[in-house]
>>> print(open('start26.cif').read())   # mmCIF, C-alpha atoms
data_target
loop_
_atom_site.group_PDB
_atom_site.id
_atom_site.type_symbol
_atom_site.label_atom_id
_atom_site.label_comp_id
_atom_site.auth_asym_id
_atom_site.auth_seq_id
_atom_site.Cartn_x
_atom_site.Cartn_y
_atom_site.Cartn_z
ATOM 1 C CA MET J 1 132.041 -65.124 -12.389
ATOM 2 C CA THR J 2 131.177 -61.527 -11.814
ATOM 3 C CA CYS J 3 127.677 -60.141 -11.266
ATOM 4 C CA ALA J 4 127.694 -58.548 -14.704
ATOM 5 C CA ALA J 5 128.425 -61.859 -16.328
ATOM 6 C CA TRP J 6 125.567 -63.514 -14.455
ATOM 7 C CA ALA J 7 123.204 -60.727 -15.525
ATOM 8 C CA VAL J 8 124.169 -61.089 -19.172
ATOM 9 C CA THR J 9 123.719 -64.858 -19.007
ATOM 10 C CA VAL J 10 120.246 -64.553 -17.465
ATOM 11 C CA ALA J 11 119.262 -61.912 -19.993
ATOM 12 C CA LEU J 12 120.313 -64.165 -22.848
ATOM 13 C CA PHE J 13 117.835 -66.759 -21.603
ATOM 14 C CA ILE J 14 114.987 -64.432 -20.689
ATOM 15 C CA VAL J 15 114.844 -62.224 -23.784
ATOM 16 C CA PRO J 16 114.367 -65.046 -26.339
ATOM 17 C CA ALA J 17 111.815 -66.687 -24.073
ATOM 18 C CA ALA J 18 109.829 -63.479 -23.791
ATOM 19 C CA ALA J 19 110.020 -62.913 -27.537
ATOM 20 C CA HIS J 20 108.788 -66.428 -28.151
ATOM 21 C CA GLU J 21 105.891 -65.876 -25.794
ATOM 22 C CA ALA J 22 105.021 -62.623 -27.548
ATOM 23 C CA ARG J 23 104.987 -64.435 -30.868
ATOM 24 C CA GLU J 24 102.691 -67.067 -29.460
ATOM 25 C CA ALA J 25 100.173 -64.577 -28.001
ATOM 26 C CA PRO J 26 97.272 -64.026 -30.393
ATOM 27 C CA ALA J 27 96.748 -60.502 -31.693
ATOM 28 C CA PRO J 28 93.803 -58.755 -30.010
ATOM 29 C CA SER J 29 90.739 -59.303 -32.091
ATOM 30 C CA VAL J 30 86.981 -59.574 -32.002
ATOM 31 C CA THR J 31 84.855 -62.434 -33.120
ATOM 32 C CA VAL J 32 82.285 -61.504 -35.702
ATOM 33 C CA GLN J 33 79.026 -63.324 -36.120
ATOM 34 C CA LEU J 34 77.196 -62.321 -39.259
ATOM 35 C CA ILE J 35 73.800 -63.396 -40.466
ATOM 36 C CA ALA J 36 72.965 -62.031 -43.892
ATOM 37 C CA VAL J 37 69.258 -62.090 -44.611
ATOM 38 C CA ARG J 38 67.092 -61.456 -47.628
ATOM 39 C CA ALA J 39 63.997 -59.592 -46.491
ATOM 40 C CA THR J 40 60.972 -59.513 -48.746
ATOM 41 C CA SER J 41 57.301 -58.783 -48.562
ATOM 42 C CA GLN J 42 55.255 -61.821 -49.562
ATOM 43 C CA GLY J 43 51.901 -60.983 -48.059
ATOM 44 C CA HIS J 44 52.144 -63.333 -45.088
ATOM 45 C CA GLU J 45 49.897 -62.681 -42.140
ATOM 46 C CA LYS J 46 52.820 -63.153 -39.777
ATOM 47 C CA PRO J 47 56.526 -62.722 -40.445
ATOM 48 C CA GLN J 48 58.169 -65.938 -41.515
ATOM 49 C CA PHE J 49 61.745 -66.949 -40.894
ATOM 50 C CA ASP J 50 64.047 -69.689 -41.932
ATOM 51 C CA ALA J 51 64.338 -72.131 -39.097
ATOM 52 C CA SER J 52 68.072 -71.436 -38.973
ATOM 53 C CA ILE J 53 67.615 -67.743 -38.328
ATOM 54 C CA ALA J 54 64.744 -67.825 -35.884
ATOM 55 C CA SER J 55 67.143 -66.426 -33.312
ATOM 56 C CA ILE J 56 67.199 -63.049 -35.036
ATOM 57 C CA ARG J 57 63.433 -62.639 -34.915
ATOM 58 C CA GLU J 58 63.656 -60.024 -32.170
ATOM 59 C CA THR J 59 66.407 -58.189 -33.991
ATOM 60 C CA VAL J 60 64.472 -57.706 -37.214
ATOM 61 C CA GLU J 61 60.902 -57.635 -35.973
ATOM 62 C CA ASP J 62 60.770 -53.838 -36.290
ATOM 63 C CA LEU J 63 61.126 -54.099 -40.090
ATOM 64 C CA LYS J 64 57.387 -54.053 -40.635
ATOM 65 C CA GLN J 65 57.733 -53.510 -44.381
ATOM 66 C CA PHE J 66 58.911 -57.122 -44.698
ATOM 67 C CA ASP J 67 57.237 -60.343 -43.702
ATOM 68 C CA ASP J 68 59.610 -62.940 -45.054
ATOM 69 C CA PHE J 69 63.201 -63.398 -43.940
ATOM 70 C CA ARG J 70 65.474 -65.935 -45.603
ATOM 71 C CA LYS J 71 69.056 -66.653 -44.718
ATOM 72 C CA LEU J 72 71.589 -65.769 -47.364
ATOM 73 C CA LYS J 73 74.729 -66.499 -45.429
ATOM 74 C CA THR J 74 76.046 -67.079 -41.946
ATOM 75 C CA VAL J 75 79.649 -66.231 -41.190
ATOM 76 C CA ASN J 76 81.647 -66.608 -38.015
ATOM 77 C CA THR J 77 85.072 -65.074 -38.265
ATOM 78 C CA VAL J 78 87.727 -63.237 -36.330
ATOM 79 C CA ALA J 79 88.605 -59.609 -37.059
ATOM 80 C CA PRO J 80 91.859 -58.286 -35.594
ATOM 81 C CA TYR J 81 91.896 -54.777 -34.209
ATOM 82 C CA GLY J 82 93.270 -52.192 -36.619
ATOM 83 C CA ARG J 83 92.815 -54.343 -39.699
ATOM 84 C CA GLU J 84 90.030 -54.587 -42.203
ATOM 85 C CA THR J 85 88.464 -57.989 -42.592
ATOM 86 C CA ARG J 86 86.624 -58.694 -45.827
ATOM 87 C CA VAL J 87 83.565 -60.881 -45.818
ATOM 88 C CA PRO J 88 82.105 -61.539 -49.281
ATOM 89 C CA LEU J 89 78.330 -61.722 -49.004
ATOM 90 C CA ASP J 90 77.325 -62.656 -52.517
ATOM 91 C CA SER J 91 78.445 -61.904 -56.033
ATOM 92 C CA GLN J 92 77.403 -58.284 -55.557
ATOM 93 C CA TYR J 93 78.154 -57.188 -52.010
ATOM 94 C CA THR J 94 81.169 -57.415 -49.722
ATOM 95 C CA LEU J 95 81.216 -56.537 -46.056
ATOM 96 C CA LEU J 96 84.338 -54.969 -44.569
ATOM 97 C CA ILE J 97 84.766 -54.809 -40.814
ATOM 98 C CA ASN J 98 87.525 -52.845 -39.138
ATOM 99 C CA PRO J 99 87.549 -52.989 -35.330
ATOM 100 C CA ILE J 100 89.299 -49.713 -34.567
ATOM 101 C CA GLU J 101 89.723 -49.926 -30.823
ATOM 102 C CA ARG J 102 88.244 -51.151 -27.591
ATOM 103 C CA ALA J 103 86.447 -48.081 -26.303
ATOM 104 C CA SER J 104 85.710 -49.503 -22.870
ATOM 105 C CA HIS J 105 85.518 -52.896 -21.259
ATOM 106 C CA ASP J 106 82.497 -53.908 -23.337
ATOM 107 C CA ARG J 107 82.433 -51.462 -26.228
ATOM 108 C CA ILE J 108 84.144 -51.815 -29.557
ATOM 109 C CA ARG J 109 84.569 -48.912 -31.918
ATOM 110 C CA CYS J 110 84.485 -50.228 -35.433
ATOM 111 C CA ASP J 111 84.004 -49.274 -39.040
ATOM 112 C CA VAL J 112 81.481 -51.273 -40.990
ATOM 113 C CA ARG J 113 81.444 -50.844 -44.736
ATOM 114 C CA VAL J 114 79.538 -52.501 -47.523
ATOM 115 C CA GLN J 115 80.906 -52.419 -51.033
ATOM 116 C CA MET J 116 79.008 -53.207 -54.182
ATOM 117 C CA ARG J 117 80.822 -54.659 -57.116
ATOM 118 C CA LEU J 118 80.309 -52.653 -60.264
ATOM 119 C CA PRO J 119 79.708 -54.414 -63.567
ATOM 120 C CA ASP J 120 82.910 -55.345 -65.360
ATOM 121 C CA LYS J 121 83.778 -53.358 -68.431
ATOM 122 C CA GLU J 122 83.379 -55.415 -71.557
ATOM 123 C CA ASN J 123 86.693 -56.437 -73.084
ATOM 124 C CA LYS J 124 87.564 -54.760 -76.289
ATOM 125 C CA PRO J 125 87.390 -57.122 -79.264
ATOM 126 C CA ASN J 126 91.106 -56.783 -80.011
ATOM 127 C CA THR J 127 92.228 -57.518 -76.442
ATOM 128 C CA PRO J 128 94.535 -60.535 -76.372
ATOM 129 C CA ALA J 129 93.050 -63.502 -74.612
ATOM 130 C CA ASP J 130 96.107 -64.035 -72.452
ATOM 131 C CA GLN J 131 96.013 -60.458 -71.026
ATOM 132 C CA PRO J 132 95.017 -60.424 -67.331
ATOM 133 C CA GLN J 133 91.501 -59.310 -66.608
ATOM 134 C CA ALA J 134 90.959 -55.915 -65.023
ATOM 135 C CA GLU J 135 90.541 -55.719 -61.256
ATOM 136 C CA PRO J 136 86.921 -55.663 -60.162
ATOM 137 C CA ARG J 137 85.651 -52.222 -59.300
ATOM 138 C CA TYR J 138 83.680 -51.514 -56.150
ATOM 139 C CA LYS J 139 81.419 -48.753 -54.952
ATOM 140 C CA GLU J 140 81.070 -48.051 -51.255
ATOM 141 C CA VAL J 141 77.342 -48.139 -50.701
ATOM 142 C CA LEU J 142 77.310 -47.938 -46.929
ATOM 143 C CA ARG J 143 79.751 -46.829 -44.298
ATOM 144 C CA CYS J 144 79.203 -46.398 -40.623
ATOM 145 C CA THR J 145 81.348 -46.006 -37.567
ATOM 146 C CA LEU J 146 79.767 -47.258 -34.424
ATOM 147 C CA LEU J 147 80.412 -48.129 -30.855
ATOM 148 C CA ALA J 148 79.135 -51.658 -30.566
ATOM 149 C CA VAL J 149 78.411 -53.350 -27.280
ATOM 150 C CA SER J 150 80.306 -56.605 -27.152
ATOM 151 C CA GLY J 151 78.008 -59.567 -27.676
ATOM 152 C CA LYS J 152 74.915 -57.579 -28.633
ATOM 153 C CA PRO J 153 73.558 -57.701 -32.180
ATOM 154 C CA PHE J 154 72.989 -54.691 -34.389
ATOM 155 C CA LYS J 155 71.856 -54.596 -37.959
ATOM 156 C CA VAL J 156 72.514 -52.711 -41.135
ATOM 157 C CA GLY J 157 70.396 -52.952 -44.231
ATOM 158 C CA GLY J 158 68.358 -51.390 -46.960
ATOM 159 C CA LEU J 159 70.579 -52.421 -49.873
ATOM 160 C CA LYS J 160 68.685 -53.818 -52.786
ATOM 161 C CA LEU J 161 68.925 -57.378 -53.922
ATOM 162 C CA ASP J 162 67.485 -58.876 -57.093
ATOM 163 C CA GLU J 163 64.505 -59.648 -54.946
ATOM 164 C CA GLY J 164 63.983 -57.890 -51.630
ATOM 165 C CA GLN J 165 66.560 -56.134 -49.567
ATOM 166 C CA LEU J 166 69.697 -57.116 -47.728
ATOM 167 C CA VAL J 167 69.756 -57.122 -43.933
ATOM 168 C CA LEU J 168 72.966 -57.869 -42.059
ATOM 169 C CA VAL J 169 72.744 -58.811 -38.408
ATOM 170 C CA LEU J 170 76.159 -58.401 -36.829
ATOM 171 C CA THR J 171 77.407 -59.342 -33.394
ATOM 172 C CA LEU J 172 80.916 -58.344 -32.373
ATOM 173 C CA THR J 173 82.371 -59.964 -29.299
ATOM 174 C CA ASP J 174 85.608 -59.137 -27.565
ATOM 175 C CA LYS J 175 86.447 -62.229 -25.542
ATOM 176 C CA HIS J 176 89.507 -60.722 -23.899
ATOM 177 C CA PRO J 177 88.468 -57.272 -22.773
ATOM 178 C CA ALA J 178 91.306 -57.103 -20.243
ATOM 179 C CA GLU J 179 93.958 -57.120 -22.965
ATOM 180 C CA ASN J 180 95.064 -53.969 -24.681
ATOM 181 C CA PRO J 181 94.265 -54.058 -28.359
ATOM 182 C CA MET L 1 57.083 57.757 11.767
ATOM 183 C CA ASN L 2 59.882 57.847 9.253
ATOM 184 C CA ARG L 3 62.018 59.877 11.607
ATOM 185 C CA LYS L 4 61.489 57.300 14.386
ATOM 186 C CA LEU L 5 62.481 54.468 12.045
ATOM 187 C CA TYR L 6 65.472 56.456 10.853
ATOM 188 C CA THR L 7 66.575 56.956 14.496
ATOM 189 C CA ILE L 8 66.288 53.227 15.132
ATOM 190 C CA GLU L 9 68.263 52.468 11.967
ATOM 191 C CA ARG L 10 71.045 54.860 13.008
ATOM 192 C CA TRP L 11 71.260 53.173 16.420
ATOM 193 C CA PHE L 12 71.140 49.784 14.748
ATOM 194 C CA ASP L 13 74.075 50.816 12.541
ATOM 195 C CA GLY L 14 76.156 51.769 15.623
ATOM 196 C CA ASP L 15 75.315 55.431 16.354
ATOM 197 C CA THR L 16 75.413 55.450 20.151
ATOM 198 C CA ALA L 17 74.291 59.096 20.367
ATOM 199 C CA CYS L 18 70.696 58.106 19.698
ATOM 200 C CA GLU L 19 70.731 54.904 21.744
ATOM 201 C CA ALA L 20 68.466 56.159 24.561
ATOM 202 C CA GLU L 21 65.934 57.565 22.126
ATOM 203 C CA ALA L 22 65.954 54.397 20.040
ATOM 204 C CA LYS L 23 65.451 52.090 22.985
ATOM 205 C CA ALA L 24 62.584 54.244 24.159
ATOM 206 C CA LEU L 25 60.942 54.085 20.763
ATOM 207 C CA ILE L 26 61.354 50.276 20.623
ATOM 208 C CA ALA L 27 59.824 49.934 24.042
ATOM 209 C CA SER L 28 56.904 52.258 23.327
ATOM 210 C CA ALA L 29 55.988 51.564 19.727
ATOM 211 C CA PRO L 30 55.340 48.043 18.434
ATOM 212 C CA ALA L 31 56.066 49.178 14.866
ATOM 213 C CA CYS L 32 59.511 50.282 15.941
ATOM 214 C CA ALA L 33 60.165 46.962 17.712
ATOM 215 C CA ALA L 34 59.025 45.110 14.553
ATOM 216 C CA HIS L 35 61.345 47.280 12.471
ATOM 217 C CA VAL L 36 64.316 46.298 14.667
ATOM 218 C CA GLU L 37 63.448 42.624 14.197
ATOM 219 C CA ALA L 38 63.247 43.141 10.462
ATOM 220 C CA LEU L 39 66.653 44.782 10.470
ATOM 221 C CA LYS L 40 68.134 41.882 12.463
ATOM 222 C CA PHE L 41 66.675 39.416 9.976
ATOM 223 C CA LEU L 42 68.154 41.302 7.029
ATOM 224 C CA ARG L 43 71.552 41.514 8.694
ATOM 225 C CA ASN L 44 71.672 37.802 9.412
ATOM 226 C CA GLY L 45 70.667 37.020 5.829
ATOM 227 C CA ALA L 46 73.360 39.316 4.474
ATOM 228 C CA ARG L 47 75.939 37.631 6.693
ATOM 229 C CA GLU L 48 75.010 34.215 5.427
ATOM 230 C CA LEU L 49 75.341 35.387 1.827
ATOM 231 C CA ALA L 50 78.716 36.824 2.620
ATOM 232 C CA GLN L 51 80.039 33.413 3.791
ATOM 233 C CA ARG L 52 81.253 31.783 0.541
ATOM 234 C CA GLU L 53 81.181 28.005 0.444
ATOM 235 C CA SER L 54 84.344 26.361 -0.846
ATOM 236 C CA ILE L 55 84.824 22.798 -2.042
ATOM 237 C CA GLU L 56 87.857 20.994 -0.814
ATOM 238 C CA PRO L 57 89.661 18.682 -3.245
ATOM 239 C CA ALA L 58 88.500 15.684 -1.234
ATOM 240 C CA GLN L 59 84.873 16.736 -1.690
ATOM 241 C CA PHE L 60 85.153 17.340 -5.408
ATOM 242 C CA PRO L 61 84.236 13.827 -6.655
ATOM 243 C CA ALA L 62 81.122 13.797 -4.523
ATOM 244 C CA PHE L 63 80.296 17.308 -5.730
ATOM 245 C CA MET L 64 80.592 16.242 -9.389
ATOM 246 C CA ALA L 65 78.634 13.084 -8.732
ATOM 247 C CA GLY L 66 75.853 15.205 -7.342
ATOM 248 C CA ILE L 67 75.857 17.342 -10.463
ATOM 249 C CA ARG L 68 75.809 14.315 -12.704
ATOM 250 C CA GLU L 69 72.932 12.802 -10.806
ATOM 251 C CA ARG L 70 70.914 15.895 -11.475
ATOM 252 C CA LEU L 71 71.942 16.158 -15.141
ATOM 253 C CA GLU L 72 71.811 12.525 -16.290
ATOM 254 C CA PRO L 73 68.581 10.536 -16.445
ATOM 255 C CA ALA L 74 68.229 7.947 -13.763
ATOM 256 C CA PRO L 75 69.835 4.698 -14.996
ATOM 257 C CA ARG L 76 67.497 1.779 -15.554
ATOM 258 C CA HIS L 77 68.133 -0.990 -13.124
ATOM 259 C CA TYR L 78 68.970 -3.807 -15.552
ATOM 260 C CA ARG L 79 71.999 -4.937 -13.614
ATOM 261 C CA GLY L 80 70.024 -7.013 -11.182
ATOM 262 C CA VAL L 81 67.968 -8.651 -13.906
ATOM 263 C CA LEU L 82 71.064 -9.467 -15.940
ATOM 264 C CA ALA L 83 72.822 -10.877 -12.901
ATOM 265 C CA ILE L 84 69.868 -13.123 -12.093
ATOM 266 C CA ALA L 85 69.607 -14.228 -15.734
ATOM 267 C CA SER L 86 73.328 -15.035 -15.777
ATOM 268 C CA VAL L 87 73.067 -17.080 -12.605
ATOM 269 C CA VAL L 88 70.042 -18.971 -13.943
ATOM 270 C CA ALA L 89 71.778 -19.673 -17.257
ATOM 271 C CA ALA L 90 74.951 -20.861 -15.549
ATOM 272 C CA SER L 91 72.932 -23.094 -13.237
ATOM 273 C CA LEU L 92 71.048 -24.532 -16.188
ATOM 274 C CA ILE L 93 74.240 -25.298 -18.085
ATOM 275 C CA ALA L 94 75.794 -26.879 -15.009
ATOM 276 C CA ALA L 95 72.685 -28.972 -14.374
ATOM 277 C CA ILE L 96 72.586 -30.209 -17.976
ATOM 278 C CA ALA L 97 76.304 -31.010 -17.914
ATOM 279 C CA ILE L 98 75.963 -32.925 -14.662
ATOM 280 C CA PHE L 99 72.932 -34.775 -16.009
ATOM 281 C CA VAL L 100 74.758 -35.749 -19.188
ATOM 282 C CA MET L 101 77.926 -36.803 -17.365
ATOM 283 C CA ALA L 102 76.182 -38.573 -14.546
ATOM 284 C CA SER L 103 73.649 -40.380 -16.700
ATOM 285 C CA PRO L 104 74.837 -43.875 -17.357
ATOM 286 C CA ALA L 105 75.003 -45.000 -20.949
ATOM 287 C CA PRO L 106 71.810 -46.741 -21.979
ATOM 288 C CA GLU L 107 72.166 -50.304 -20.834
ATOM 289 C CA ASN L 108 70.027 -52.073 -23.337
ATOM 290 C CA ILE L 109 71.241 -50.575 -26.581
ATOM 291 C CA SER L 110 73.464 -52.661 -28.779
ATOM 292 C CA ALA L 111 75.485 -49.876 -30.390
ATOM 293 C CA GLU L 112 75.883 -46.157 -30.733
ATOM 294 C CA VAL L 113 76.367 -44.763 -34.196
ATOM 295 C CA GLU L 114 79.089 -42.157 -34.583
ATOM 296 C CA GLN L 115 78.857 -41.523 -38.296
ATOM 297 C CA VAL L 116 77.176 -42.908 -41.355
ATOM 298 C CA GLY L 117 77.421 -42.297 -45.050
ATOM 299 C CA THR L 118 76.823 -43.629 -48.509
ATOM 300 C CA THR L 119 78.055 -42.862 -52.002
ATOM 301 C CA ILE L 120 74.757 -43.793 -53.614
ATOM 302 C CA GLU L 121 73.439 -40.668 -55.211
ATOM 303 C CA GLY L 122 70.111 -39.624 -53.767
ATOM 304 C CA ALA L 123 70.243 -42.211 -51.003
ATOM 305 C CA GLU L 124 70.021 -41.405 -47.338
ATOM 306 C CA VAL L 125 71.387 -43.298 -44.375
ATOM 307 C CA GLY L 126 69.557 -43.170 -41.096
ATOM 308 C CA TYR L 127 69.768 -45.042 -37.844
ATOM 309 C CA TYR L 128 67.563 -45.756 -34.906
ATOM 310 C CA ASN L 129 67.209 -47.972 -31.892
ATOM 311 C CA THR L 130 64.377 -50.433 -31.780
ATOM 312 C CA ASP L 131 62.310 -50.923 -28.653
ATOM 313 C CA ASN L 132 64.503 -53.826 -27.631
ATOM 314 C CA GLY L 133 67.667 -51.750 -28.067
ATOM 315 C CA THR L 134 68.862 -53.065 -31.391
ATOM 316 C CA MET L 135 70.724 -50.404 -33.305
ATOM 317 C CA THR L 136 69.643 -50.305 -36.906
ATOM 318 C CA VAL L 137 71.492 -48.537 -39.712
ATOM 319 C CA TRP L 138 69.368 -48.324 -42.807
ATOM 320 C CA VAL L 139 70.122 -47.083 -46.301
ATOM 321 C CA ASP L 140 67.119 -45.610 -47.994
ATOM 322 C CA VAL L 141 67.747 -45.999 -51.709
ATOM 323 C CA PRO L 142 65.404 -44.215 -54.120
ATOM 324 C CA GLU L 143 63.422 -46.458 -56.429
ATOM 325 C CA GLY L 144 65.218 -47.263 -59.615
ATOM 326 C CA ASP L 145 68.652 -46.191 -58.402
ATOM 327 C CA LEU L 146 71.556 -48.501 -57.869
ATOM 328 C CA PRO L 147 72.096 -50.735 -56.149
#
>>> encode(input="start26.cif", output="structure tokens")
Amino acid sequence: MTCAAWAVTVALFIVPAAAHEAREAPAPSVTVQLIAVRATSQGHEKPQFDASIASIRETVEDLKQFDDFRKLKTVNTVAPYGRETRVPLDSQYTLLINPIERASHDRIRCDVRVQMRLPDKENKPNTPADQPQAEPRYKEVLRCTLLAVSGKPFKVGGLKLDEGQLVLVLTLTDKHPAENP
Amino acid sequence: MNRKLYTIERWFDGDTACEAEAKALIASAPACAAHVEALKFLRNGARELAQRESIEPAQFPAFMAGIRERLEPAPRHYRGVLAIASVVAASLIAAIAIFVMASPAPENISAEVEQVGTTIEGAEVGYYNTDNGTMTVWVDVPEGDLP
């Protein structure tokens, strides 16, 4: 067998193996830890927290206009780089996180958006019942691009709830900073 | 007296016939000796006037520069001040650039905001770092407005 034949044979084994390995490797992504909080002012002498969110006390303690913090939702998810990950918060708000790129070994450039669902239009009386309902409409109520330090929490807030205001404490973590996103 | 002076002048102008008489007059009369000196002075002055100065092509720029110096008002010496101001400004810019580049990013902050925005009419979005370094992005929605 000639050298060329050997090379072709080896390549036939190596290329599929490499492709298989590439398929197995997870896409670069960041883990997202979200704690959605309802912040209100109840007249407490000291700020009060749900026991489950006592860990964010330091993160929200500067919000002096509120003294009562109640957990709305906790989400732990994975957001791939270059893709937008939707996280519904309640019937009104949806969080969208798009990790754009790894800016340095511990910094993640990402878009954070919050959309508010607009009230559905009332169906006309003569609309057939079997006709599909219109897509929900959203309004982008907050958008920010930031350079987040991996593993450190930041917060966005100020959006109104039925009672109080919404505060989102977000922590993005890139567990594989050596990989190229 | 006039005749004596006239004799001296004739001798002075080259008449050798009256040389003995003229020399005798100069030796005997101080006024005649002074008159000879005056004549010498006049002759030397006339000679100097007769020598016309000429300017060589190589001297012309310096000649014109001299004229200009006399004609134009003395320039104000701003050049030095401007040079010093330029050097100070350049040094300041360099120092600020070095400070910005050399300063490490704040260690304790959790994020840096690059841009913010909202579509809520009348609302404003601001951001700040808390004392413990937590970046906070806050939408300030006017009362009564959505959401």
>>> closest_atom_pairs(input="start26.cif", of="chain L", to="chain J", cutoff="8 Å", atoms="all atoms listed in the file", output="CSV")
residue,atom,partner,partner_atom,distance
L:Ile109,CA,J:Val149,CA,7.7
L:Ser110,CA,J:Lys152,CA,5.1
L:Ala111,CA,J:Ala148,CA,4.1
L:Glu112,CA,J:Leu147,CA,4.9
L:Val113,CA,J:Leu146,CA,4.2
L:Glu114,CA,J:Leu146,CA,5.1
L:Gln115,CA,J:Thr145,CA,5.2
L:Val116,CA,J:Cys144,CA,4.1
L:Gly117,CA,J:Arg143,CA,5.2
L:Thr118,CA,J:Leu142,CA,4.6
L:Thr119,CA,J:Val141,CA,5.5
L:Ile120,CA,J:Val141,CA,5.8
L:Val125,CA,J:Leu142,CA,7.9
L:Thr130,CA,J:Asp62,CA,6.7
L:Asn132,CA,J:Glu58,CA,7.7
L:Thr134,CA,J:Phe154,CA,5.4
L:Met135,CA,J:Phe154,CA,5.0
L:Thr136,CA,J:Lys155,CA,4.9
L:Val137,CA,J:Val156,CA,4.5
L:Trp138,CA,J:Gly157,CA,5.0
L:Val139,CA,J:Gly158,CA,4.7
L:Asp140,CA,J:Gly158,CA,6.0
L:Val141,CA,J:Gly158,CA,7.2
L:Leu146,CA,J:Lys160,CA,7.9
L:Pro147,CA,J:Lys160,CA,5.7
>>> atom_distance(input="start26.cif", atom1="CA of Leu170 (chain J)", atom2="CA of Thr94 (chain J)")
13.9 Å
>>> residues_around(input="start26.cif", residues="region 25-41 of chain L", least_positions_apart="4", cutoff="12 Å", atoms="only C-alpha atoms", output="list in words")
Met1, Asn2, Arg3, Lys4, Leu5, Tyr6, Thr7, Ile8, Glu9, Arg10, Trp11, Phe12, Asp13, Cys18, Glu19, Ala20, Glu21, Gly45, Ala46, Arg47 and Glu48 of chain L
>>> resolve_selection(input="start26.cif", expression="the PyMOL selection byres ((chain J and resi 27-42) around 6)", output="PyMOL selection string")
chain J and resi 26+43-44+66-81+164-174+181
>>> atom_distance(input="start26.cif", atom1="CA of Glu84 (chain J)", atom2="CA of Ala134 (chain J)")
22.9 Å
>>> build_atoms(input="start26.cif", residues="region 55-68 of chain L", atoms="N, CA and C atoms", output="PDB file, keeping the file's coordinate frame")
ATOM      1  N   ILE L  55      84.787  24.262  -1.921  1.00  0.00           N
ATOM      2  CA  ILE L  55      84.824  22.798  -2.042  1.00  0.00           C
ATOM      3  C   ILE L  55      86.263  22.343  -1.940  1.00  0.00           C
ATOM      4  N   GLU L  56      86.512  21.538  -0.994  1.00  0.00           N
ATOM      5  CA  GLU L  56      87.857  20.994  -0.814  1.00  0.00           C
ATOM      6  C   GLU L  56      88.116  19.933  -1.895  1.00  0.00           C
ATOM      7  N   PRO L  57      89.359  19.699  -2.233  1.00  0.00           N
ATOM      8  CA  PRO L  57      89.661  18.682  -3.245  1.00  0.00           C
ATOM      9  C   PRO L  57      89.061  17.314  -2.912  1.00  0.00           C
ATOM     10  N   ALA L  58      89.034  17.003  -1.611  1.00  0.00           N
ATOM     11  CA  ALA L  58      88.500  15.684  -1.234  1.00  0.00           C
ATOM     12  C   ALA L  58      87.002  15.582  -1.494  1.00  0.00           C
ATOM     13  N   GLN L  59      86.325  16.757  -1.501  1.00  0.00           N
ATOM     14  CA  GLN L  59      84.873  16.736  -1.690  1.00  0.00           C
ATOM     15  C   GLN L  59      84.481  16.796  -3.169  1.00  0.00           C
ATOM     16  N   PHE L  60      85.490  17.064  -4.021  1.00  0.00           N
ATOM     17  CA  PHE L  60      85.153  17.340  -5.408  1.00  0.00           C
ATOM     18  C   PHE L  60      84.450  16.180  -6.122  1.00  0.00           C
ATOM     19  N   PRO L  61      84.932  14.937  -5.966  1.00  0.00           N
ATOM     20  CA  PRO L  61      84.236  13.827  -6.655  1.00  0.00           C
ATOM     21  C   PRO L  61      82.775  13.729  -6.243  1.00  0.00           C
ATOM     22  N   ALA L  62      82.513  13.883  -4.961  1.00  0.00           N
ATOM     23  CA  ALA L  62      81.122  13.797  -4.523  1.00  0.00           C
ATOM     24  C   ALA L  62      80.314  14.957  -5.082  1.00  0.00           C
ATOM     25  N   PHE L  63      80.964  16.133  -5.173  1.00  0.00           N
ATOM     26  CA  PHE L  63      80.296  17.308  -5.730  1.00  0.00           C
ATOM     27  C   PHE L  63      79.906  17.059  -7.188  1.00  0.00           C
ATOM     28  N   MET L  64      80.880  16.515  -7.975  1.00  0.00           N
ATOM     29  CA  MET L  64      80.592  16.242  -9.389  1.00  0.00           C
ATOM     30  C   MET L  64      79.559  15.144  -9.549  1.00  0.00           C
ATOM     31  N   ALA L  65      79.626  14.164  -8.658  1.00  0.00           N
ATOM     32  CA  ALA L  65      78.634  13.084  -8.732  1.00  0.00           C
ATOM     33  C   ALA L  65      77.239  13.628  -8.507  1.00  0.00           C
ATOM     34  N   GLY L  66      77.156  14.587  -7.597  1.00  0.00           N
ATOM     35  CA  GLY L  66      75.853  15.205  -7.342  1.00  0.00           C
ATOM     36  C   GLY L  66      75.349  15.936  -8.561  1.00  0.00           C
ATOM     37  N   ILE L  67      76.262  16.620  -9.249  1.00  0.00           N
ATOM     38  CA  ILE L  67      75.857  17.342 -10.463  1.00  0.00           C
ATOM     39  C   ILE L  67      75.386  16.359 -11.540  1.00  0.00           C
ATOM     40  N   ARG L  68      76.175  15.299 -11.676  1.00  0.00           N
ATOM     41  CA  ARG L  68      75.809  14.315 -12.704  1.00  0.00           C
ATOM     42  C   ARG L  68      74.447  13.694 -12.419  1.00  0.00           C
TER      43      ARG L  68
END
